[in-house]
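entry12.txt follows; it contains compact mmCIF, C-alpha atoms.
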# COMPACT_ATOMS: atom_id res chain seq x y z
CA MET A 185 0.00 0.00 0.00
CA GLY A 186 1.30 3.40 -0.82
CA VAL A 187 0.64 6.89 0.26
CA PHE A 188 0.02 9.14 -2.67
CA ILE A 189 1.80 12.42 -2.56
CA ALA A 190 0.74 15.13 -4.94
CA VAL A 191 3.53 16.87 -6.71
CA VAL A 192 3.81 20.34 -5.26
CA ALA A 193 6.30 22.71 -6.73
CA SER A 194 8.73 24.37 -4.32
CA ARG A 195 8.16 21.86 -1.54
CA LYS A 196 10.85 19.51 -0.31
CA LEU A 197 10.63 16.01 1.06
CA ILE A 198 12.82 15.46 4.10
CA PHE A 199 14.15 11.99 4.82
CA ARG A 200 16.83 10.41 6.98
CA ILE A 201 19.38 7.69 6.45
CA GLY A 202 21.54 6.67 9.39
CA GLY A 203 20.57 9.85 11.19
CA VAL A 204 21.72 12.10 8.35
CA GLY A 205 19.09 14.47 7.00
CA PHE A 206 18.42 14.83 3.28
CA LEU A 207 16.02 16.87 1.22
CA LEU A 208 14.58 16.02 -2.14
CA GLU A 209 12.63 18.00 -4.69
CA LEU A 210 9.04 16.88 -4.31
CA ALA A 211 8.61 17.17 -8.06
CA ASP A 212 10.88 14.14 -8.44
CA VAL A 213 8.70 11.95 -6.21
CA VAL A 214 6.05 9.59 -7.58
CA GLU A 215 5.00 8.00 -4.30
CA VAL A 216 6.24 7.09 -0.85
CA VAL A 217 5.73 3.43 0.05
CA ASP A 218 6.18 2.62 3.72
CA GLN A 219 5.40 -1.11 3.79
CA ILE A 220 7.65 -2.89 1.33
CA THR A 221 8.31 -6.25 2.98
CA GLU A 222 5.99 -8.19 0.66
CA ASP A 223 7.09 -6.36 -2.48
CA LEU A 224 10.83 -6.99 -2.41
CA ASP A 225 12.84 -9.48 -4.42
CA PRO A 226 16.44 -9.20 -3.16
CA SER A 227 17.56 -11.95 -5.52
CA ARG A 228 17.34 -9.38 -8.30
CA SER A 229 20.14 -7.18 -7.03
CA ILE A 230 23.08 -5.59 -8.83
CA ILE A 231 25.22 -4.52 -5.91
CA GLY A 232 27.81 -2.85 -8.12
CA GLN A 233 25.14 -0.38 -9.17
CA GLY A 234 23.74 0.06 -5.67
CA ILE A 235 20.63 -1.95 -6.56
CA VAL A 236 19.92 -4.12 -3.53
CA SER A 237 16.57 -5.52 -4.63
CA ALA A 238 13.73 -5.25 -7.07
CA LEU A 239 10.52 -3.69 -5.78
CA GLU A 240 7.10 -4.43 -7.16
CA PHE A 241 5.41 -1.11 -7.73
CA ARG A 242 2.14 -0.74 -9.61
CA GLN A 243 2.45 -4.22 -11.12
CA THR A 244 5.99 -3.51 -12.35
CA TRP A 245 9.36 -4.48 -10.94
CA ILE A 246 11.59 -1.46 -10.44
CA PRO A 247 15.15 -1.22 -9.10
CA ALA A 248 15.51 -0.41 -5.40
CA ILE A 249 18.65 1.50 -4.57
CA ASP A 250 20.25 1.74 -1.15
CA PRO A 251 22.33 4.94 -1.02
CA THR A 252 24.14 3.85 2.15
CA LEU A 253 26.46 1.83 -0.07
CA LYS A 254 27.61 4.85 -2.03
CA LEU A 255 27.51 7.29 0.87
CA ASP A 256 29.18 4.89 3.30
CA ILE A 257 26.55 5.56 5.98
CA PHE A 258 25.74 3.02 8.66
CA SER A 259 22.02 2.37 8.96
CA ALA A 260 20.54 0.04 11.56
CA ILE A 261 17.28 -0.29 9.60
CA LYS A 262 16.92 -3.63 7.81
CA LEU A 263 16.02 -3.77 4.14
CA LYS A 264 12.47 -4.97 4.76
CA ASP A 265 11.87 -2.13 7.20
CA LYS A 266 13.03 0.63 4.87
CA VAL A 267 10.73 3.18 3.32
CA ALA A 268 10.74 3.37 -0.48
CA VAL A 269 10.61 6.77 -2.09
CA VAL A 270 9.69 6.06 -5.70
CA LEU A 271 11.25 8.54 -8.07
CA HIS A 272 10.79 9.00 -11.77
CA SER A 273 13.64 9.42 -14.17
CA SER A 274 14.08 9.42 -17.90
CA GLU A 275 14.82 5.70 -17.60
CA GLY A 276 11.69 4.89 -15.64
CA ASN A 277 10.70 4.70 -12.01
CA TRP A 278 13.11 3.56 -9.34
CA ALA A 279 12.94 3.27 -5.58
CA LEU A 280 15.21 5.07 -3.17
CA LEU A 281 15.40 3.19 0.13
CA VAL A 282 15.54 5.42 3.19
CA ASP A 283 15.23 4.90 6.95
CA GLN A 284 12.48 7.38 7.54
CA VAL A 285 10.48 10.00 5.66
CA GLU A 286 10.16 12.84 8.07
CA ASP A 287 8.27 15.75 6.66
CA LEU A 288 7.41 18.05 3.83
CA SER A 289 8.76 21.53 4.08
CA ALA A 290 8.45 24.68 2.03
CA ALA A 291 11.55 25.73 0.13
CA GLU A 292 11.71 29.03 2.00
CA ASN A 293 12.31 27.20 5.29
CA PHE A 294 15.78 26.22 4.13
CA GLN A 295 18.81 28.47 4.43
CA PRO A 296 21.51 28.19 1.80
CA CYS A 297 24.81 26.89 3.12
CA GLU A 298 27.98 26.23 1.17
CA VAL A 299 30.03 23.09 1.45
CA PRO A 300 33.21 24.55 2.98
CA PHE A 301 36.35 24.56 0.89
CA LEU A 302 38.02 22.09 3.24
CA LEU A 303 35.26 19.48 2.66
CA LYS A 304 34.70 19.94 -1.06
CA VAL A 305 37.06 17.15 -2.05
CA ALA A 306 35.45 14.70 0.38
CA ALA A 307 31.93 15.52 -0.81
CA MET A 308 32.83 15.51 -4.50
CA GLY A 309 30.90 12.84 -6.37
CA PHE A 310 28.42 12.37 -3.54
CA TYR A 311 26.72 15.71 -2.92
CA SER A 312 27.28 19.28 -3.92
CA GLN A 313 24.71 21.25 -1.97
CA ILE A 314 23.73 21.50 1.67
CA LYS A 315 20.91 23.56 3.13
CA LEU A 316 20.13 24.37 6.73
CA LEU A 317 16.79 23.56 8.31
CA GLN A 318 16.55 25.00 11.80
CA ASN A 319 20.33 25.15 11.84
CA GLU A 320 20.72 21.46 10.93
CA PRO A 321 22.63 20.66 7.75
CA MET A 322 20.51 18.75 5.24
CA ILE A 323 22.08 17.26 2.15
CA VAL A 324 20.36 18.07 -1.12
CA PHE A 325 19.80 14.62 -2.60
CA GLU A 326 20.70 14.50 -6.28
CA PRO A 327 18.94 11.44 -7.77
CA GLU A 328 21.00 11.43 -10.95
CA ARG A 329 24.05 10.46 -8.91
CA TYR A 330 22.37 7.19 -7.90
CA TYR A 331 20.39 5.85 -10.82
CA GLY A 332 20.40 6.10 -14.57
CA SER A 333 23.08 6.28 -17.19
CA ALA A 334 24.41 9.52 -15.73
CA ALA A 335 25.03 7.85 -12.36
CA ALA A 336 28.04 6.02 -13.72
CA LEU A 337 29.56 9.33 -14.73
CA VAL A 338 29.16 11.25 -11.48
CA MET B 294 53.36 40.22 23.09
CA ARG B 295 52.01 36.93 21.80
CA ARG B 296 49.32 35.17 23.77
CA LEU B 297 48.42 31.53 23.64
CA GLY B 298 45.16 29.75 24.34
CA LEU B 299 45.82 26.62 26.40
CA PHE B 300 43.35 23.75 26.26
CA GLN B 301 42.95 20.12 27.14
CA CYS B 302 41.21 17.44 25.11
CA GLY B 303 41.42 14.11 26.89
CA GLU B 304 45.09 13.24 27.09
CA LEU B 305 46.10 15.96 24.66
CA SER B 306 47.15 19.35 26.01
CA PHE B 307 47.39 21.88 23.24
CA ALA B 308 48.15 25.52 22.64
CA ILE B 309 47.01 27.84 19.86
CA SER B 310 47.99 31.39 19.11
CA LEU B 311 45.25 33.67 20.34
CA LEU B 312 45.31 35.50 17.00
CA GLN B 313 43.97 32.35 15.32
CA ILE B 314 41.07 31.80 17.70
CA GLN B 315 37.84 33.17 16.23
CA LYS B 316 35.52 32.19 19.03
CA ILE B 317 34.87 29.53 21.62
CA LEU B 318 31.52 27.77 21.62
CA GLN B 319 30.18 25.59 24.39
CA GLY B 320 27.94 22.55 23.87
CA SER B 321 27.36 23.38 20.23
CA ARG B 322 25.58 20.56 18.40
CA SER B 323 27.63 18.72 15.84
CA TYR B 324 26.45 16.63 12.91
CA ARG B 325 27.93 13.72 11.05
CA LEU B 326 27.84 13.98 7.28
CA PRO B 327 28.53 11.20 4.78
CA ARG B 328 31.99 10.78 3.38
CA LEU B 329 33.72 13.03 5.86
CA PRO B 330 37.46 12.43 5.86
CA GLY B 331 38.58 10.02 8.58
CA ALA B 332 40.21 12.77 10.61
CA VAL B 333 37.07 14.95 10.63
CA SER B 334 34.64 13.72 13.27
CA ALA B 335 31.67 15.93 12.40
CA VAL B 336 30.64 19.40 11.36
CA LEU B 337 29.04 22.13 13.39
CA VAL B 338 27.07 25.12 12.22
CA ASP B 339 28.16 28.62 13.09
CA ASN B 340 26.60 31.69 11.52
CA ASP B 341 25.03 29.56 8.78
CA GLN B 342 28.43 28.15 7.86
CA LEU B 343 29.59 24.56 8.21
CA VAL B 344 32.77 24.10 10.20
CA PRO B 345 34.67 20.78 10.16
CA VAL B 346 35.45 19.43 13.63
CA LEU B 347 38.93 17.88 13.64
CA ASP B 348 39.48 14.62 15.49
CA LEU B 349 42.36 15.70 17.69
CA GLY B 350 42.71 12.18 19.03
CA GLN B 351 44.46 11.31 15.79
CA ILE B 352 47.39 13.47 16.76
CA LEU B 353 48.00 10.98 19.55
CA GLY B 354 46.95 8.03 17.42
CA GLU B 355 43.68 7.66 19.30
CA ALA B 356 41.18 8.14 16.51
CA GLY B 357 37.66 8.87 17.62
CA GLN B 358 38.52 8.92 21.31
CA LEU B 359 38.49 12.63 21.88
CA ASP B 360 35.85 13.92 19.52
CA LEU B 361 32.31 15.17 19.92
CA LYS B 362 32.35 16.26 23.52
CA ALA B 363 28.74 17.18 23.93
CA ASN B 364 29.30 19.50 26.84
CA GLY B 365 32.79 20.64 26.01
CA TYR B 366 34.15 23.64 24.20
CA GLN B 367 34.46 23.86 20.45
CA ILE B 368 37.25 26.23 19.60
CA LEU B 369 36.80 27.83 16.21
CA VAL B 370 40.18 28.49 14.71
CA GLU B 371 41.01 30.33 11.52
CA SER B 372 43.38 28.55 9.16
CA GLU B 373 44.75 29.61 5.83
CA TYR B 374 42.16 27.35 4.19
CA GLY B 375 39.09 28.15 6.26
CA THR B 376 37.73 27.77 9.75
CA VAL B 377 38.06 24.50 11.66
CA ALA B 378 36.77 23.52 15.08
CA LEU B 379 38.78 21.79 17.78
CA PRO B 380 37.03 19.96 20.62
CA ALA B 381 38.22 20.68 24.14
CA ASP B 382 37.33 19.93 27.73
CA LEU B 383 35.74 22.63 29.83
CA THR B 384 39.07 24.01 30.87
CA GLY B 385 41.18 26.58 29.18
CA ARG B 386 43.19 29.68 29.81
CA ILE B 387 44.94 32.42 27.92
CA VAL B 388 48.48 33.24 28.90
CA ALA B 389 51.23 35.48 27.60
CA GLU B 390 54.00 33.58 25.89
CA GLN B 391 56.67 34.84 28.28
CA ARG B 392 54.86 33.35 31.25
CA GLY B 393 55.99 29.90 30.14
CA VAL B 394 58.84 28.23 28.31
CA LEU B 395 58.80 27.60 24.57
CA SER B 396 60.66 24.76 22.93
CA THR B 397 60.75 23.26 19.49
CA THR B 398 60.12 19.57 18.98
CA THR B 399 62.91 17.28 17.97
CA VAL B 400 62.43 14.85 15.11
CA LYS B 401 62.31 12.00 17.60
CA GLN B 402 59.44 13.43 19.63
CA LYS B 403 57.61 15.08 16.75
CA CYS B 404 53.89 14.52 16.19
CA LEU B 405 52.32 15.63 12.95
CA GLY B 406 50.80 19.05 13.28
CA VAL B 407 52.76 19.95 16.39
CA ILE B 408 55.33 22.68 15.86
CA GLY B 409 56.58 23.08 19.39
CA LYS B 410 55.95 22.76 23.07
CA PHE B 411 54.93 25.34 25.61
CA VAL B 412 55.51 24.55 29.24
CA TYR B 413 53.36 26.47 31.67
CA GLN B 414 53.09 25.69 35.37
CA ASN B 415 54.77 22.31 34.85
CA GLU B 416 52.24 21.30 32.18
CA GLU B 417 53.46 20.71 28.64
CA TYR B 418 51.20 21.92 25.83
CA ASN B 419 51.58 20.96 22.16
CA ILE B 420 51.58 24.05 19.97
CA LEU B 421 49.40 23.14 17.00
CA ASP B 422 50.14 24.08 13.41
CA ILE B 423 46.58 24.88 12.44
CA ASP B 424 47.24 25.45 8.73
CA PHE B 425 48.92 22.08 8.48
CA LEU B 426 46.23 20.25 10.46
CA ALA B 427 43.39 21.91 8.56
CA ILE B 428 44.61 20.81 5.16
CA GLU B 429 46.03 17.42 6.14
CA MET B 430 43.11 16.26 8.27
CA THR B 431 40.41 17.33 5.82
CA GLN B 432 41.87 16.14 2.56
CA GLY B 433 41.78 12.46 3.36
CA PHE B 434 45.47 11.70 3.61
CA TRP B 435 46.07 12.15 7.30
CA GLN B 436 48.41 9.63 8.87
CA ASN B 437 49.99 9.98 12.25
CA GLN B 438 53.43 9.39 10.82
CA PRO B 439 56.17 12.01 10.78
CA ASP B 440 57.52 13.17 7.44
CA THR B 441 54.57 12.12 5.33
CA GLY B 442 52.22 15.02 5.10
CA GLY B 443 54.06 18.22 4.49
CA ALA B 444 55.66 17.03 1.31
CA ARG B 445 52.29 16.22 -0.20
CA ARG B 446 50.87 19.52 0.88
CA HIS B 447 53.55 21.39 -0.99
CA GLN B 448 53.51 19.29 -4.13

Target format structure tokens, applied to this file:
Amino acid sequence: MGVFIAVVASRKLIFRIGGVGFLLELADVVEVVDQITEDLDPSRSIIGQGIVSALEFRQTWIPAIDPTLKLDIFSAIKLKDKVAVVLHSSEGNWALLVDQVEDLSAAENFQPCEVPFLLKVAAMGFYSQIKLLQNEPMIVFEPERYYGSAAALV
Amino acid sequence: MRRLGLFQCGELSFAISLLQIQKILQGSRSYRLPRLPGAVSAVLVDNDQLVPVLDLGQILGEAGQLDLKANGYQILVESEYGTVALPADLTGRIVAEQRGVLSTTTVKQKCLGVIGKFVYQNEEYNILDIDFLAIEMTQGFWQNQPDTGGARRHQ
């Protein structure tokens, strides 16, 4: 069962992975699915591409990607207990697996914040923008870094 | 007359030139971000800017032992490459250089990022080379081995 989320321009979806906060353009989101246990097929994984399972979504199997592999984040949440944020891309829908979807927030609630010069090298290839929400750094999630033909290039 | 800030972080006693200290925060919340270099324990937010918190334990080869003191001080220090934060216990003092004894470190006793010693009231403080530590500890090639870092930095 999924929770339909209408696409609202200028709103951001906030989610967490291993305690780290991320924000995502709501326009990229098709649906948030919070009960995925019965819809997973981990035998259809391609770990080298970050795909840890296939997820049945609207009668179609789509790739489910766990960004902890690329971001090197420790998450105590098991695969079956993750929340799937289904995103659309030019290559079709795919599922981003996160620990928790926290909130929707208006774009104006976020303060711009630069990645400091000293951390630019470390962040390169993983994220390029950070915004502050109530003084907490939130990473701007860039889906193209995780799925699609462009992901191999970034 | 040069003044030094003297601090303690676990087993590490350290000194910084007062001119490099921007401010001292207490109990400031820090955040872990993905892919931080191994010698950066977290970041904190000051004036809408992210500041890397250096893991000073690595100077003594005790990675992760001295970082993220929730109720300690975070000393914001200006380096040539940007501001960094150093964790410290809730002790600290500022003294004039001539109130203690300065010495340079020999090769044998040298730790990376330490440019000398300052002895004050029988306590020995490591004088930190902030520019060196800022670039070495944030660029992912920090090793607590003498004679490995500076050469790379100047390549």

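Here the question is which of B:Cys404, B:Leu347, B:Met294, B:Ala427 gets nearest to chain A using all atoms listed in the file, and that residue is B:Ala427.
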
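By only C-alpha atoms, and with residues fewer than 4 positions from B:Thr384 along its chain excluded, the set lying at most 10 Å from it is Leu299, Phe300, Gln301, Cys302, Gly365 and Tyr366 of chain B.
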
Could you list, as a PyMOL selection string, every residue of chain B that has an atom within 10 Å of an atom of chain A, counting only C-alpha atoms? chain B and resi 322-331+333+336-345+374-377+427-433

Please write the residues from the selection above to a file, keeping C-alpha atoms, as a compact mmCIF listing (two decimals), in the frame of the given file.
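For reference, part-v2.txt as written:
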# COMPACT_ATOMS: atom_id res chain seq x y z
CA ARG B 322 25.58 20.56 18.40
CA SER B 323 27.63 18.72 15.84
CA TYR B 324 26.45 16.63 12.91
CA ARG B 325 27.93 13.72 11.05
CA LEU B 326 27.84 13.98 7.28
CA PRO B 327 28.53 11.20 4.78
CA ARG B 328 31.99 10.78 3.38
CA LEU B 329 33.72 13.03 5.86
CA PRO B 330 37.46 12.43 5.86
CA GLY B 331 38.58 10.02 8.58
CA VAL B 333 37.07 14.95 10.63
CA VAL B 336 30.64 19.40 11.36
CA LEU B 337 29.04 22.13 13.39
CA VAL B 338 27.07 25.12 12.22
CA ASP B 339 28.16 28.62 13.09
CA ASN B 340 26.60 31.69 11.52
CA ASP B 341 25.03 29.56 8.78
CA GLN B 342 28.43 28.15 7.86
CA LEU B 343 29.59 24.56 8.21
CA VAL B 344 32.77 24.10 10.20
CA PRO B 345 34.67 20.78 10.16
CA TYR B 374 42.16 27.35 4.19
CA GLY B 375 39.09 28.15 6.26
CA THR B 376 37.73 27.77 9.75
CA VAL B 377 38.06 24.50 11.66
CA ALA B 427 43.39 21.91 8.56
CA ILE B 428 44.61 20.81 5.16
CA GLU B 429 46.03 17.42 6.14
CA MET B 430 43.11 16.26 8.27
CA THR B 431 40.41 17.33 5.82
CA GLN B 432 41.87 16.14 2.56
CA GLY B 433 41.78 12.46 3.36

Q. At a cut-off of 6 Å from (36.5, 29.1, 19.7) in the coordinates of the file, what residues are picked up using only C-alpha atoms, written as number ranges by chain?
A. B: 314-318, 367-369

>> So that I can check the surroundings of A:Asp250, please list as a PyMOL selection string every protein, DNA and RNA residue that reaches within 9 Å of it, counting all atoms listed in the file and ignoring chain neighbours fewer than 3 positions away.
In response: chain A and resi 234-237+253-254+263+279-282+330

### Message
As an exercise, work out the distance from atom CA of A:Pro247 to atom CA of A:Ala290 in Å and give it to one decimal place.
### Response
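Atom CA of A:Ala290 lies 29.0 Å from atom CA of A:Pro247.
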